[in-house]
Structure formats: C-alpha cells, structure tokens
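Colleague: My structure file coords.cif, mmCIF, N, CA and C atoms, is below:
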```
data_upload
loop_
_atom_site.label_atom_id
_atom_site.label_comp_id
_atom_site.auth_asym_id
_atom_site.auth_seq_id
_atom_site.Cartn_x
_atom_site.Cartn_y
_atom_site.Cartn_z
N MET I 1 6.72 23.17 150.47
CA MET I 1 7.37 24.04 149.51
C MET I 1 8.87 23.80 149.56
N ARG I 2 9.48 23.71 148.41
CA ARG I 2 10.93 23.56 148.35
C ARG I 2 11.60 24.80 148.92
N THR I 3 12.77 24.62 149.53
CA THR I 3 13.50 25.72 150.14
C THR I 3 13.82 26.80 149.12
N ALA I 4 14.25 26.42 147.92
CA ALA I 4 14.57 27.42 146.89
C ALA I 4 13.33 28.24 146.53
N ASP I 5 12.16 27.60 146.49
CA ASP I 5 10.92 28.33 146.20
C ASP I 5 10.57 29.29 147.33
N LEU I 6 10.80 28.87 148.57
CA LEU I 6 10.57 29.73 149.73
C LEU I 6 11.42 31.00 149.63
N LEU I 7 12.70 30.83 149.31
CA LEU I 7 13.60 31.98 149.18
C LEU I 7 13.22 32.85 147.99
N ALA I 8 12.83 32.23 146.89
CA ALA I 8 12.38 33.00 145.72
C ALA I 8 11.17 33.85 146.09
N ASN I 9 10.23 33.28 146.83
CA ASN I 9 9.05 34.04 147.26
C ASN I 9 9.45 35.18 148.20
N TYR I 10 10.39 34.93 149.08
CA TYR I 10 10.88 35.95 150.01
C TYR I 10 11.46 37.14 149.24
N TYR I 11 12.33 36.87 148.27
CA TYR I 11 12.94 37.96 147.52
C TYR I 11 11.99 38.60 146.52
N ASP I 12 11.03 37.85 146.00
CA ASP I 12 9.99 38.47 145.17
C ASP I 12 9.20 39.49 146.00
N ALA I 13 8.84 39.11 147.23
CA ALA I 13 8.14 40.03 148.12
C ALA I 13 9.02 41.24 148.45
N PHE I 14 10.31 41.00 148.69
CA PHE I 14 11.26 42.09 148.94
C PHE I 14 11.26 43.08 147.78
N ASN I 15 11.36 42.56 146.57
CA ASN I 15 11.42 43.42 145.39
C ASN I 15 10.12 44.21 145.19
N ARG I 16 9.00 43.68 145.65
CA ARG I 16 7.72 44.39 145.56
C ARG I 16 7.54 45.37 146.72
N GLY I 17 8.43 45.32 147.71
CA GLY I 17 8.27 46.15 148.90
C GLY I 17 7.12 45.69 149.76
N ASP I 18 6.80 44.39 149.70
CA ASP I 18 5.66 43.81 150.40
C ASP I 18 6.11 43.18 151.72
N ALA I 19 6.21 44.00 152.75
CA ALA I 19 6.69 43.52 154.05
C ALA I 19 5.78 42.45 154.62
N ASP I 20 4.46 42.59 154.44
CA ASP I 20 3.54 41.58 154.98
C ASP I 20 3.79 40.21 154.37
N ALA I 21 4.04 40.17 153.07
CA ALA I 21 4.32 38.89 152.40
C ALA I 21 5.64 38.30 152.90
N MET I 22 6.63 39.16 153.13
CA MET I 22 7.90 38.67 153.67
C MET I 22 7.70 38.09 155.06
N LEU I 23 6.98 38.83 155.91
CA LEU I 23 6.76 38.38 157.29
C LEU I 23 5.99 37.07 157.34
N ALA I 24 5.09 36.84 156.40
CA ALA I 24 4.31 35.60 156.36
C ALA I 24 5.20 34.38 156.12
N LEU I 25 6.40 34.59 155.59
CA LEU I 25 7.31 33.49 155.30
C LEU I 25 8.28 33.20 156.45
N LEU I 26 8.15 33.94 157.55
CA LEU I 26 9.05 33.80 158.69
C LEU I 26 8.38 33.09 159.86
N THR I 27 9.18 32.41 160.67
CA THR I 27 8.67 31.86 161.92
C THR I 27 8.46 33.02 162.90
N ASP I 28 7.62 32.82 163.90
CA ASP I 28 7.37 33.88 164.88
C ASP I 28 8.63 34.26 165.66
N ASP I 29 9.54 33.30 165.84
CA ASP I 29 10.76 33.55 166.61
C ASP I 29 11.99 33.75 165.71
N VAL I 30 11.78 34.23 164.50
CA VAL I 30 12.87 34.43 163.54
C VAL I 30 14.01 35.23 164.17
N VAL I 31 15.22 34.89 163.78
CA VAL I 31 16.41 35.63 164.20
C VAL I 31 16.97 36.31 162.95
N HIS I 32 17.17 37.63 163.04
CA HIS I 32 17.76 38.39 161.94
C HIS I 32 19.15 38.85 162.38
N GLU I 33 20.15 38.40 161.64
CA GLU I 33 21.54 38.77 161.91
C GLU I 33 22.00 39.71 160.80
N PRO I 34 22.04 41.03 161.09
CA PRO I 34 22.47 41.97 160.07
C PRO I 34 23.98 41.91 159.87
N SER I 35 24.42 42.43 158.73
CA SER I 35 25.85 42.47 158.44
C SER I 35 26.60 43.26 159.51
N GLN I 36 25.99 44.32 159.98
CA GLN I 36 26.56 45.12 161.05
C GLN I 36 25.48 45.22 162.13
N GLY I 37 25.86 45.16 163.37
CA GLY I 37 24.89 45.40 164.43
C GLY I 37 24.46 44.17 165.19
N VAL I 38 23.49 44.39 166.05
CA VAL I 38 23.02 43.38 166.98
C VAL I 38 21.88 42.57 166.36
N PRO I 39 21.88 41.25 166.54
CA PRO I 39 20.77 40.45 166.01
C PRO I 39 19.43 40.87 166.60
N ARG I 40 18.39 40.72 165.79
CA ARG I 40 17.01 40.97 166.21
C ARG I 40 16.31 39.64 166.36
N ARG I 41 15.38 39.57 167.29
CA ARG I 41 14.65 38.32 167.51
C ARG I 41 13.16 38.58 167.44
N GLY I 42 12.48 37.76 166.67
CA GLY I 42 11.03 37.81 166.57
C GLY I 42 10.53 38.61 165.38
N LYS I 43 9.31 38.27 164.96
CA LYS I 43 8.70 38.91 163.80
C LYS I 43 8.48 40.41 164.01
N ALA I 44 8.11 40.82 165.22
CA ALA I 44 7.86 42.24 165.47
C ALA I 44 9.13 43.06 165.25
N ALA I 45 10.27 42.56 165.73
CA ALA I 45 11.54 43.27 165.55
C ALA I 45 11.92 43.30 164.07
N PHE I 46 11.65 42.20 163.36
CA PHE I 46 11.97 42.15 161.93
C PHE I 46 11.07 43.12 161.18
N ALA I 47 9.80 43.20 161.55
CA ALA I 47 8.86 44.13 160.91
C ALA I 47 9.31 45.57 161.11
N GLU I 48 9.77 45.89 162.31
CA GLU I 48 10.28 47.24 162.60
C GLU I 48 11.49 47.55 161.72
N PHE I 49 12.40 46.58 161.59
CA PHE I 49 13.57 46.73 160.73
C PHE I 49 13.14 46.98 159.29
N LEU I 50 12.20 46.20 158.77
CA LEU I 50 11.74 46.38 157.39
C LEU I 50 11.15 47.78 157.19
N GLY I 51 10.38 48.26 158.16
CA GLY I 51 9.81 49.60 158.06
C GLY I 51 10.90 50.66 157.95
N HIS I 52 11.91 50.53 158.80
CA HIS I 52 13.04 51.47 158.75
C HIS I 52 13.74 51.40 157.39
N MET I 53 14.01 50.20 156.94
CA MET I 53 14.71 50.04 155.66
C MET I 53 13.90 50.62 154.50
N ASN I 54 12.60 50.40 154.50
CA ASN I 54 11.77 50.91 153.41
C ASN I 54 11.69 52.44 153.41
N ARG I 55 11.85 53.07 154.57
CA ARG I 55 11.88 54.53 154.63
C ARG I 55 13.23 55.07 154.15
N SER I 56 14.31 54.36 154.44
CA SER I 56 15.65 54.87 154.18
C SER I 56 16.24 54.43 152.84
N TYR I 57 15.76 53.32 152.31
CA TYR I 57 16.37 52.75 151.10
C TYR I 57 15.31 52.20 150.16
N ALA I 58 15.56 52.32 148.87
CA ALA I 58 14.76 51.63 147.85
C ALA I 58 15.71 50.63 147.21
N GLU I 59 15.47 49.35 147.41
CA GLU I 59 16.42 48.33 146.97
C GLU I 59 15.72 47.24 146.16
N ARG I 60 16.52 46.62 145.30
CA ARG I 60 16.03 45.53 144.46
C ARG I 60 17.10 44.45 144.37
N VAL I 61 16.69 43.20 144.59
CA VAL I 61 17.58 42.05 144.45
C VAL I 61 17.62 41.66 142.98
N ILE I 62 18.84 41.52 142.46
CA ILE I 62 19.04 41.19 141.04
C ILE I 62 19.66 39.80 140.93
N GLU I 63 19.06 38.95 140.11
CA GLU I 63 19.59 37.62 139.74
C GLU I 63 20.07 36.80 140.94
N PRO I 64 19.18 36.52 141.89
CA PRO I 64 19.61 35.71 143.03
C PRO I 64 19.86 34.25 142.62
N VAL I 65 20.83 33.66 143.29
CA VAL I 65 21.12 32.23 143.14
C VAL I 65 20.94 31.62 144.51
N PHE I 66 20.19 30.51 144.58
CA PHE I 66 19.88 29.87 145.85
C PHE I 66 20.56 28.51 145.94
N LEU I 67 21.07 28.20 147.12
CA LEU I 67 21.65 26.91 147.42
C LEU I 67 20.98 26.40 148.68
N ALA I 68 20.71 25.11 148.74
CA ALA I 68 20.05 24.55 149.92
C ALA I 68 20.68 23.21 150.29
N SER I 69 20.68 22.92 151.57
CA SER I 69 21.14 21.62 152.04
C SER I 69 20.17 20.55 151.53
N ASP I 70 20.63 19.32 151.51
CA ASP I 70 19.79 18.22 151.01
C ASP I 70 18.46 18.11 151.75
N ASP I 71 18.48 18.38 153.05
CA ASP I 71 17.24 18.26 153.82
C ASP I 71 16.42 19.56 153.84
N GLY I 72 16.95 20.62 153.20
CA GLY I 72 16.22 21.88 153.10
C GLY I 72 16.21 22.73 154.36
N SER I 73 16.98 22.34 155.37
CA SER I 73 16.95 23.07 156.65
C SER I 73 17.88 24.28 156.68
N ARG I 74 18.81 24.35 155.74
CA ARG I 74 19.74 25.48 155.66
C ARG I 74 19.87 25.88 154.20
N ALA I 75 20.05 27.17 153.98
CA ALA I 75 20.14 27.65 152.61
C ALA I 75 20.98 28.92 152.55
N ALA I 76 21.33 29.29 151.32
CA ALA I 76 22.09 30.52 151.09
C ALA I 76 21.59 31.17 149.80
N ALA I 77 21.79 32.47 149.72
CA ALA I 77 21.47 33.23 148.52
C ALA I 77 22.65 34.13 148.21
N ASP I 78 22.95 34.25 146.93
CA ASP I 78 23.99 35.15 146.45
C ASP I 78 23.32 36.03 145.40
N PHE I 79 23.48 37.35 145.53
CA PHE I 79 22.81 38.24 144.57
C PHE I 79 23.47 39.61 144.57
N MET I 80 23.10 40.40 143.56
CA MET I 80 23.46 41.80 143.52
C MET I 80 22.27 42.58 144.06
N LEU I 81 22.57 43.63 144.80
CA LEU I 81 21.55 44.51 145.36
C LEU I 81 21.75 45.89 144.75
N GLU I 82 20.73 46.36 144.06
CA GLU I 82 20.77 47.72 143.52
C GLU I 82 19.87 48.58 144.39
N GLY I 83 20.37 49.76 144.76
CA GLY I 83 19.57 50.58 145.65
C GLY I 83 19.76 52.06 145.46
N ARG I 84 18.88 52.77 146.16
CA ARG I 84 18.93 54.23 146.24
C ARG I 84 18.78 54.59 147.72
N TYR I 85 19.66 55.46 148.19
CA TYR I 85 19.69 55.90 149.58
C TYR I 85 18.74 57.09 149.71
N LEU I 86 17.60 56.89 150.37
CA LEU I 86 16.51 57.87 150.39
C LEU I 86 16.51 58.82 151.57
N ALA I 87 16.78 58.31 152.76
CA ALA I 87 16.71 59.10 153.99
C ALA I 87 17.89 58.75 154.86
N THR I 88 18.53 59.75 155.43
CA THR I 88 19.75 59.55 156.20
C THR I 88 19.51 58.60 157.38
N ASP I 89 20.37 57.60 157.44
CA ASP I 89 20.38 56.64 158.54
C ASP I 89 21.34 57.19 159.58
N PRO I 90 20.96 57.22 160.87
CA PRO I 90 21.84 57.76 161.90
C PRO I 90 23.23 57.12 161.86
N GLY I 91 24.25 57.98 161.92
CA GLY I 91 25.63 57.50 161.94
C GLY I 91 26.21 57.21 160.56
N LEU I 92 25.41 57.40 159.51
CA LEU I 92 25.87 57.16 158.15
C LEU I 92 25.87 58.47 157.37
N PRO I 93 26.48 58.49 156.19
CA PRO I 93 26.50 59.73 155.41
C PRO I 93 25.08 60.24 155.11
N ASP I 94 24.99 61.53 154.80
CA ASP I 94 23.70 62.12 154.45
C ASP I 94 23.16 61.48 153.17
N ALA I 95 21.87 61.19 153.19
CA ALA I 95 21.20 60.64 152.01
C ALA I 95 20.84 61.77 151.06
N GLN I 96 21.18 61.57 149.80
CA GLN I 96 20.86 62.54 148.76
C GLN I 96 20.40 61.81 147.50
N GLY I 97 19.78 60.66 147.69
CA GLY I 97 19.32 59.88 146.55
C GLY I 97 20.42 59.12 145.83
N GLN I 98 21.56 58.91 146.51
CA GLN I 98 22.67 58.21 145.89
C GLN I 98 22.26 56.78 145.52
N THR I 99 22.81 56.30 144.41
CA THR I 99 22.58 54.92 144.00
C THR I 99 23.80 54.08 144.38
N TYR I 100 23.56 52.79 144.53
CA TYR I 100 24.64 51.87 144.87
C TYR I 100 24.30 50.49 144.33
N ARG I 101 25.34 49.67 144.26
CA ARG I 101 25.21 48.28 143.80
C ARG I 101 26.19 47.46 144.62
N LEU I 102 25.67 46.44 145.30
CA LEU I 102 26.49 45.61 146.19
C LEU I 102 26.24 44.13 145.94
N ARG I 103 27.26 43.33 146.13
CA ARG I 103 27.08 41.89 146.18
C ARG I 103 26.70 41.54 147.62
N VAL I 104 25.69 40.70 147.77
CA VAL I 104 25.21 40.30 149.09
C VAL I 104 25.18 38.78 149.17
N GLY I 105 25.56 38.28 150.32
CA GLY I 105 25.38 36.87 150.65
C GLY I 105 24.42 36.79 151.82
N ALA I 106 23.48 35.88 151.75
CA ALA I 106 22.51 35.70 152.84
C ALA I 106 22.43 34.22 153.18
N PHE I 107 22.27 33.96 154.46
CA PHE I 107 22.19 32.58 154.94
C PHE I 107 20.91 32.42 155.74
N PHE I 108 20.32 31.24 155.64
CA PHE I 108 19.00 31.00 156.21
C PHE I 108 18.95 29.67 156.93
N ASP I 109 18.17 29.64 158.01
CA ASP I 109 17.72 28.39 158.61
C ASP I 109 16.24 28.29 158.28
N ILE I 110 15.78 27.07 158.01
CA ILE I 110 14.38 26.82 157.65
C ILE I 110 13.80 25.84 158.66
N ALA I 111 12.62 26.15 159.18
CA ALA I 111 11.94 25.27 160.14
C ALA I 111 10.45 25.24 159.79
N ASP I 112 9.91 24.05 159.64
CA ASP I 112 8.48 23.89 159.36
C ASP I 112 8.03 24.70 158.14
N GLY I 113 8.89 24.75 157.12
CA GLY I 113 8.52 25.43 155.87
C GLY I 113 8.60 26.94 155.91
N ARG I 114 9.19 27.48 156.97
CA ARG I 114 9.34 28.94 157.08
C ARG I 114 10.78 29.29 157.43
N ILE I 115 11.13 30.53 157.20
CA ILE I 115 12.48 31.02 157.49
C ILE I 115 12.58 31.33 158.98
N SER I 116 13.56 30.70 159.66
CA SER I 116 13.73 30.94 161.09
C SER I 116 14.99 31.74 161.41
N ARG I 117 15.86 31.93 160.43
CA ARG I 117 17.05 32.77 160.61
C ARG I 117 17.41 33.38 159.27
N VAL I 118 17.68 34.70 159.29
CA VAL I 118 18.17 35.43 158.12
C VAL I 118 19.46 36.11 158.54
N SER I 119 20.55 35.82 157.85
CA SER I 119 21.85 36.41 158.15
C SER I 119 22.40 37.04 156.87
N ASN I 120 22.44 38.38 156.84
CA ASN I 120 22.87 39.10 155.63
C ASN I 120 24.29 39.60 155.76
N HIS I 121 25.04 39.55 154.66
CA HIS I 121 26.45 39.96 154.68
C HIS I 121 26.78 40.71 153.39
N TYR I 122 27.38 41.89 153.57
CA TYR I 122 27.82 42.70 152.43
C TYR I 122 29.01 43.54 152.88
N ASN I 123 29.63 44.21 151.92
CA ASN I 123 30.83 44.99 152.18
C ASN I 123 30.42 46.44 152.50
N LEU I 124 30.35 46.78 153.79
CA LEU I 124 29.95 48.11 154.21
C LEU I 124 30.89 49.18 153.67
N ALA I 125 32.19 48.91 153.64
CA ALA I 125 33.15 49.89 153.13
C ALA I 125 32.85 50.23 151.67
N ASP I 126 32.46 49.23 150.89
CA ASP I 126 32.11 49.47 149.49
C ASP I 126 30.85 50.35 149.40
N TRP I 127 29.84 50.04 150.23
CA TRP I 127 28.62 50.85 150.23
C TRP I 127 28.94 52.30 150.60
N LEU I 128 29.75 52.49 151.64
CA LEU I 128 30.13 53.84 152.06
C LEU I 128 30.86 54.58 150.94
N ARG I 129 31.75 53.89 150.26
CA ARG I 129 32.48 54.51 149.15
C ARG I 129 31.50 54.97 148.07
N GLN I 130 30.51 54.14 147.78
CA GLN I 130 29.56 54.48 146.73
C GLN I 130 28.65 55.66 147.12
N VAL I 131 28.19 55.70 148.35
CA VAL I 131 27.27 56.78 148.72
C VAL I 131 28.00 58.07 149.08
N GLN I 132 29.30 58.02 149.33
CA GLN I 132 30.07 59.22 149.59
C GLN I 132 30.62 59.83 148.32
N ALA I 133 30.51 59.12 147.20
CA ALA I 133 31.03 59.63 145.92
C ALA I 133 30.16 60.80 145.47
N PRO I 134 30.69 61.65 144.60
CA PRO I 134 29.90 62.76 144.08
C PRO I 134 28.60 62.26 143.43
N ALA I 135 27.63 63.12 143.33
CA ALA I 135 26.30 62.76 142.79
C ALA I 135 26.40 62.18 141.39
N SER I 136 27.45 62.49 140.65
CA SER I 136 27.59 61.96 139.29
C SER I 136 28.18 60.57 139.27
N HIS I 137 28.37 59.95 140.43
CA HIS I 137 28.94 58.60 140.55
C HIS I 137 28.30 57.64 139.54
N GLY I 138 29.15 57.01 138.77
CA GLY I 138 28.67 56.00 137.83
C GLY I 138 28.06 56.57 136.57
N GLN I 139 28.14 57.88 136.38
CA GLN I 139 27.54 58.48 135.19
C GLN I 139 28.57 59.30 134.41
N ASP I 140 29.77 58.78 134.27
CA ASP I 140 30.83 59.51 133.57
C ASP I 140 30.55 59.60 132.09
#
```
What would you get if you wrote out this structure as structure tokens?

Modeller:
Amino acid sequence: MRTADLLANYYDAFNRGDADAMLALLTDDVVHEPSQGVPRRGKAAFAEFLGHMNRSYAERVIEPVFLASDDGSRAAADFMLEGRYLATDPGLPDAQGQTYRLRVGAFFDIADGRISRVSNHYNLADWLRQVQAPASHGQD
C-alpha cells in the first residue's frame, strides 16, 4: 500500500471514530509523540489514549494533505481539525461542548506497511483561547 493511502485510511478511520481500524494500521511497537506530554509506546498505550480522546473530544480531520519520502518510510500530514470539547480533561478548562478549529501537523514513520511513529503538533494556546471563549464563540 502506498504511504499516502495508508495515511488516508488512518484518518478515514479517525473520522469514523473507529479505533480498531486505526490500531490495525499501526506496528505493535508504535511510538506516539503528542504535541504536549510524554511519548507513549506500544499499541496498548495508543489504544488507551484513543479511548480517552473519544470520551473527551469529538473531532474530525478536514482536507488532509499528505507528503511522503520517496521510499515511503517517512510522511507528514497537514490538516484542519474541527472538534467539540465533550468532557473535562484534567488540568484543562471545563468542557461545556465548546467547538474549536485548529491547524495540525503530523509526522509519521512507516515500517513494513504500517505506521510505527505518530507525532502530532498543534497550537495549544490557540485551542485554549477557543475553548475559554464565551459559549457564543464564532456565532456573532
């Protein structure tokens, strides 16, 4: 499978909220590097992260663009992320169903046709600004 197709399948599964399909595209020893925080190692840790995210956030990737190295071993995605903050995440503002929209960059290592590293990057200050805004945010 081409690297761009692998990433398209990954984000299609993300948009469907299909954690099992996402996990099937990862190596057993996958490394997840979040924008903030400590890297996670292994599919079990990534599955736990996905469960937490699905409880706290409803998100959708919009218009992703994929770039891959000539040999397909490294790749990147650039996209907009639209979301709703569903349940309060410890240490973050209270969730009240706030909506947000962020630009995200993600970087990947690919091994044996599967994703072996996911590194996500976004502007946390922008997200905080959006979820701390009054409930009428974006609806003037």

Colleague: Nearest to Ser119 (chain I) among I:Asp5, I:Glu33, I:Asp20, I:Asp89, with distances taken over all atoms listed in the file: which residue is it?

Modeller: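 Of all the options, I:Glu33 lies closest to Ser119 (chain I).
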
Colleague: Give me the result of the PyMOL selection byres ((chain I and resi 77-84) around 7) on this file, residue by residue, as a ChimeraX atom specification.

Modeller: /I:56-67,75-76,85-87,97-108

Colleague: Taking all listed atoms of region 58-62 of chain I, build the axis-aligned box, pad each of the six sides by 8 Å, then write its centre and edge lengths in Å to one decimal as AutoDock Vina command-line options.

Modeller:
```
--center_x 17.2 --center_y 46.1 --center_z 144.9 --size_x 20.9 --size_y 28.5 --size_z 23.9
```

Colleague: Can you pull out the residues contacting region 23-31 of chain I? Cut-off 6.5 Å, using all atoms listed in the file, and skip same-chain residues under 2 positions away; I want them as a PDB file with N, CA and C atoms, keeping the file's coordinate frame.

Modeller:
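Saved as around-v1.pdb:
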```
ATOM      1  N   ASP I  18       6.800  44.390 149.700  1.00  0.00           N
ATOM      2  CA  ASP I  18       5.660  43.810 150.400  1.00  0.00           C
ATOM      3  C   ASP I  18       6.110  43.180 151.720  1.00  0.00           C
ATOM      4  N   ALA I  19       6.210  44.000 152.750  1.00  0.00           N
ATOM      5  CA  ALA I  19       6.690  43.520 154.050  1.00  0.00           C
ATOM      6  C   ALA I  19       5.780  42.450 154.620  1.00  0.00           C
ATOM      7  N   ASP I  20       4.460  42.590 154.440  1.00  0.00           N
ATOM      8  CA  ASP I  20       3.540  41.580 154.980  1.00  0.00           C
ATOM      9  C   ASP I  20       3.790  40.210 154.370  1.00  0.00           C
ATOM     10  N   ALA I  21       4.040  40.170 153.070  1.00  0.00           N
ATOM     11  CA  ALA I  21       4.320  38.890 152.400  1.00  0.00           C
ATOM     12  C   ALA I  21       5.640  38.300 152.900  1.00  0.00           C
ATOM     13  N   GLU I  33      20.150  38.400 161.640  1.00  0.00           N
ATOM     14  CA  GLU I  33      21.540  38.770 161.910  1.00  0.00           C
ATOM     15  C   GLU I  33      22.000  39.710 160.800  1.00  0.00           C
ATOM     16  N   PRO I  39      21.880  41.250 166.540  1.00  0.00           N
ATOM     17  CA  PRO I  39      20.770  40.450 166.010  1.00  0.00           C
ATOM     18  C   PRO I  39      19.430  40.870 166.600  1.00  0.00           C
ATOM     19  N   ARG I  40      18.390  40.720 165.790  1.00  0.00           N
ATOM     20  CA  ARG I  40      17.010  40.970 166.210  1.00  0.00           C
ATOM     21  C   ARG I  40      16.310  39.640 166.360  1.00  0.00           C
ATOM     22  N   ARG I  41      15.380  39.570 167.290  1.00  0.00           N
ATOM     23  CA  ARG I  41      14.650  38.320 167.510  1.00  0.00           C
ATOM     24  C   ARG I  41      13.160  38.580 167.440  1.00  0.00           C
ATOM     25  N   GLY I  42      12.480  37.760 166.670  1.00  0.00           N
ATOM     26  CA  GLY I  42      11.030  37.810 166.570  1.00  0.00           C
ATOM     27  C   GLY I  42      10.530  38.610 165.380  1.00  0.00           C
ATOM     28  N   LYS I  43       9.310  38.270 164.960  1.00  0.00           N
ATOM     29  CA  LYS I  43       8.700  38.910 163.800  1.00  0.00           C
ATOM     30  C   LYS I  43       8.480  40.410 164.010  1.00  0.00           C
ATOM     31  N   GLY I 113       8.890  24.750 157.120  1.00  0.00           N
ATOM     32  CA  GLY I 113       8.520  25.430 155.870  1.00  0.00           C
ATOM     33  C   GLY I 113       8.600  26.940 155.910  1.00  0.00           C
ATOM     34  N   ARG I 114       9.190  27.480 156.970  1.00  0.00           N
ATOM     35  CA  ARG I 114       9.340  28.940 157.080  1.00  0.00           C
ATOM     36  C   ARG I 114      10.780  29.290 157.430  1.00  0.00           C
ATOM     37  N   ILE I 115      11.130  30.530 157.200  1.00  0.00           N
ATOM     38  CA  ILE I 115      12.480  31.020 157.490  1.00  0.00           C
ATOM     39  C   ILE I 115      12.580  31.330 158.980  1.00  0.00           C
ATOM     40  N   SER I 116      13.560  30.700 159.660  1.00  0.00           N
ATOM     41  CA  SER I 116      13.730  30.940 161.090  1.00  0.00           C
ATOM     42  C   SER I 116      14.990  31.740 161.410  1.00  0.00           C
ATOM     43  N   ARG I 117      15.860  31.930 160.430  1.00  0.00           N
ATOM     44  CA  ARG I 117      17.050  32.770 160.610  1.00  0.00           C
ATOM     45  C   ARG I 117      17.410  33.380 159.270  1.00  0.00           C
ATOM     46  N   VAL I 118      17.680  34.700 159.290  1.00  0.00           N
ATOM     47  CA  VAL I 118      18.170  35.430 158.120  1.00  0.00           C
ATOM     48  C   VAL I 118      19.460  36.110 158.540  1.00  0.00           C
ATOM     49  N   SER I 119      20.550  35.820 157.850  1.00  0.00           N
ATOM     50  CA  SER I 119      21.850  36.410 158.150  1.00  0.00           C
ATOM     51  C   SER I 119      22.400  37.040 156.870  1.00  0.00           C
TER      52      SER I 119
END
```

Colleague: Here is a test: counting all atoms listed in the file, which residue of I:Pro34, I:Asn9, I:Gln130, I:Ile110 is nearest to Met22 (chain I)?

Modeller: I:Asn9

Colleague: So the first atom is atom C of Ser35 (chain I) and the second is atom N of Trp127 (chain I); what is the distance between them in Å, to one decimal place?

Modeller: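 If I compute the distance from atom C of Ser35 (chain I) to atom N of Trp127 (chain I), I get 11.9 Å.
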
Colleague: For a test of reading the model, state the distance in Å between atom N of Gln36 (chain I) and CA of His121 (chain I), rounded to one decimal.

Modeller: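 Value for the atom N of Gln36 (chain I)-CA of His121 (chain I) distance: 6.9 Å.
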
Colleague: To one decimal place in Å, what is the distance between CA of Asp94 (chain I) and CA of Ala45 (chain I)?

Modeller: 25.0 Å

Colleague: Which residue gives the smallest distance to Gln96 (chain I) among I:Val131, I:Val38, I:Leu7, I:Ala47, with only C-alpha atoms counted?

Modeller: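 Closest to Gln96 (chain I), using only C-alpha atoms: I:Val131.
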
Colleague: Which one of I:Asn15, I:Gln132, I:Asp112, I:Met53 sits closest to Met1 (chain I) if you count only N, CA and C atoms?

Modeller: I:Asp112

Colleague: Identify all residues of chain I in strand (DSSP E or B) (DSSP on the backbone) and supply them as a ChimeraX atom specification.

Modeller: /I:26-33,40-41,57-68,74-85,99-111,114-121

Colleague: How would you write, as a PyMOL selection string, the set of residues in chain I that DSSP gives as helix (DSSP H, G or I)?

Modeller: chain I and resi 3-16+19-24+43-56+124-132

Colleague: Which residue, I:Asp12, I:His32, I:Thr88, I:Pro93, has the smallest gap to Arg55 (chain I) when you use only N, CA and C atoms?

Modeller: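 Counting only N, CA and C atoms, the residue closest to Arg55 (chain I) is I:Thr88.
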
Colleague: Could you model N, CA, C and O atoms for region 26-38 of chain I and present them as a PDB file, in the coordinates of the input?

Modeller:
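Resulting contents of selection.pdb:
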```
ATOM      1  N   LEU I  26       8.150  33.940 157.550  1.00  0.00           N
ATOM      2  CA  LEU I  26       9.050  33.800 158.690  1.00  0.00           C
ATOM      3  C   LEU I  26       8.380  33.090 159.860  1.00  0.00           C
ATOM      4  O   LEU I  26       7.163  33.194 160.046  1.00  0.00           O
ATOM      5  N   THR I  27       9.180  32.410 160.670  1.00  0.00           N
ATOM      6  CA  THR I  27       8.670  31.860 161.920  1.00  0.00           C
ATOM      7  C   THR I  27       8.460  33.020 162.900  1.00  0.00           C
ATOM      8  O   THR I  27       9.067  34.092 162.748  1.00  0.00           O
ATOM      9  N   ASP I  28       7.620  32.820 163.900  1.00  0.00           N
ATOM     10  CA  ASP I  28       7.370  33.880 164.880  1.00  0.00           C
ATOM     11  C   ASP I  28       8.630  34.260 165.660  1.00  0.00           C
ATOM     12  O   ASP I  28       8.786  35.410 166.065  1.00  0.00           O
ATOM     13  N   ASP I  29       9.540  33.300 165.840  1.00  0.00           N
ATOM     14  CA  ASP I  29      10.760  33.550 166.610  1.00  0.00           C
ATOM     15  C   ASP I  29      11.990  33.750 165.710  1.00  0.00           C
ATOM     16  O   ASP I  29      13.118  33.512 166.126  1.00  0.00           O
ATOM     17  N   VAL I  30      11.780  34.230 164.500  1.00  0.00           N
ATOM     18  CA  VAL I  30      12.870  34.430 163.540  1.00  0.00           C
ATOM     19  C   VAL I  30      14.010  35.230 164.170  1.00  0.00           C
ATOM     20  O   VAL I  30      13.781  36.114 165.005  1.00  0.00           O
ATOM     21  N   VAL I  31      15.220  34.890 163.780  1.00  0.00           N
ATOM     22  CA  VAL I  31      16.410  35.630 164.200  1.00  0.00           C
ATOM     23  C   VAL I  31      16.970  36.310 162.950  1.00  0.00           C
ATOM     24  O   VAL I  31      17.191  35.664 161.928  1.00  0.00           O
ATOM     25  N   HIS I  32      17.170  37.630 163.040  1.00  0.00           N
ATOM     26  CA  HIS I  32      17.760  38.390 161.940  1.00  0.00           C
ATOM     27  C   HIS I  32      19.150  38.850 162.380  1.00  0.00           C
ATOM     28  O   HIS I  32      19.288  39.570 163.366  1.00  0.00           O
ATOM     29  N   GLU I  33      20.150  38.400 161.640  1.00  0.00           N
ATOM     30  CA  GLU I  33      21.540  38.770 161.910  1.00  0.00           C
ATOM     31  C   GLU I  33      22.000  39.710 160.800  1.00  0.00           C
ATOM     32  O   GLU I  33      22.316  39.272 159.700  1.00  0.00           O
ATOM     33  N   PRO I  34      22.040  41.030 161.090  1.00  0.00           N
ATOM     34  CA  PRO I  34      22.470  41.970 160.070  1.00  0.00           C
ATOM     35  C   PRO I  34      23.980  41.910 159.870  1.00  0.00           C
ATOM     36  O   PRO I  34      24.712  41.420 160.735  1.00  0.00           O
ATOM     37  N   SER I  35      24.420  42.430 158.730  1.00  0.00           N
ATOM     38  CA  SER I  35      25.850  42.470 158.440  1.00  0.00           C
ATOM     39  C   SER I  35      26.600  43.260 159.510  1.00  0.00           C
ATOM     40  O   SER I  35      27.696  42.921 159.890  1.00  0.00           O
ATOM     41  N   GLN I  36      25.990  44.320 159.980  1.00  0.00           N
ATOM     42  CA  GLN I  36      26.560  45.120 161.050  1.00  0.00           C
ATOM     43  C   GLN I  36      25.480  45.220 162.130  1.00  0.00           C
ATOM     44  O   GLN I  36      24.321  45.370 161.827  1.00  0.00           O
ATOM     45  N   GLY I  37      25.860  45.160 163.370  1.00  0.00           N
ATOM     46  CA  GLY I  37      24.890  45.400 164.430  1.00  0.00           C
ATOM     47  C   GLY I  37      24.460  44.170 165.190  1.00  0.00           C
ATOM     48  O   GLY I  37      24.958  43.065 164.981  1.00  0.00           O
ATOM     49  N   VAL I  38      23.490  44.390 166.050  1.00  0.00           N
ATOM     50  CA  VAL I  38      23.020  43.380 166.980  1.00  0.00           C
ATOM     51  C   VAL I  38      21.880  42.570 166.360  1.00  0.00           C
ATOM     52  O   VAL I  38      20.999  43.140 165.703  1.00  0.00           O
TER      53      VAL I  38
END
```
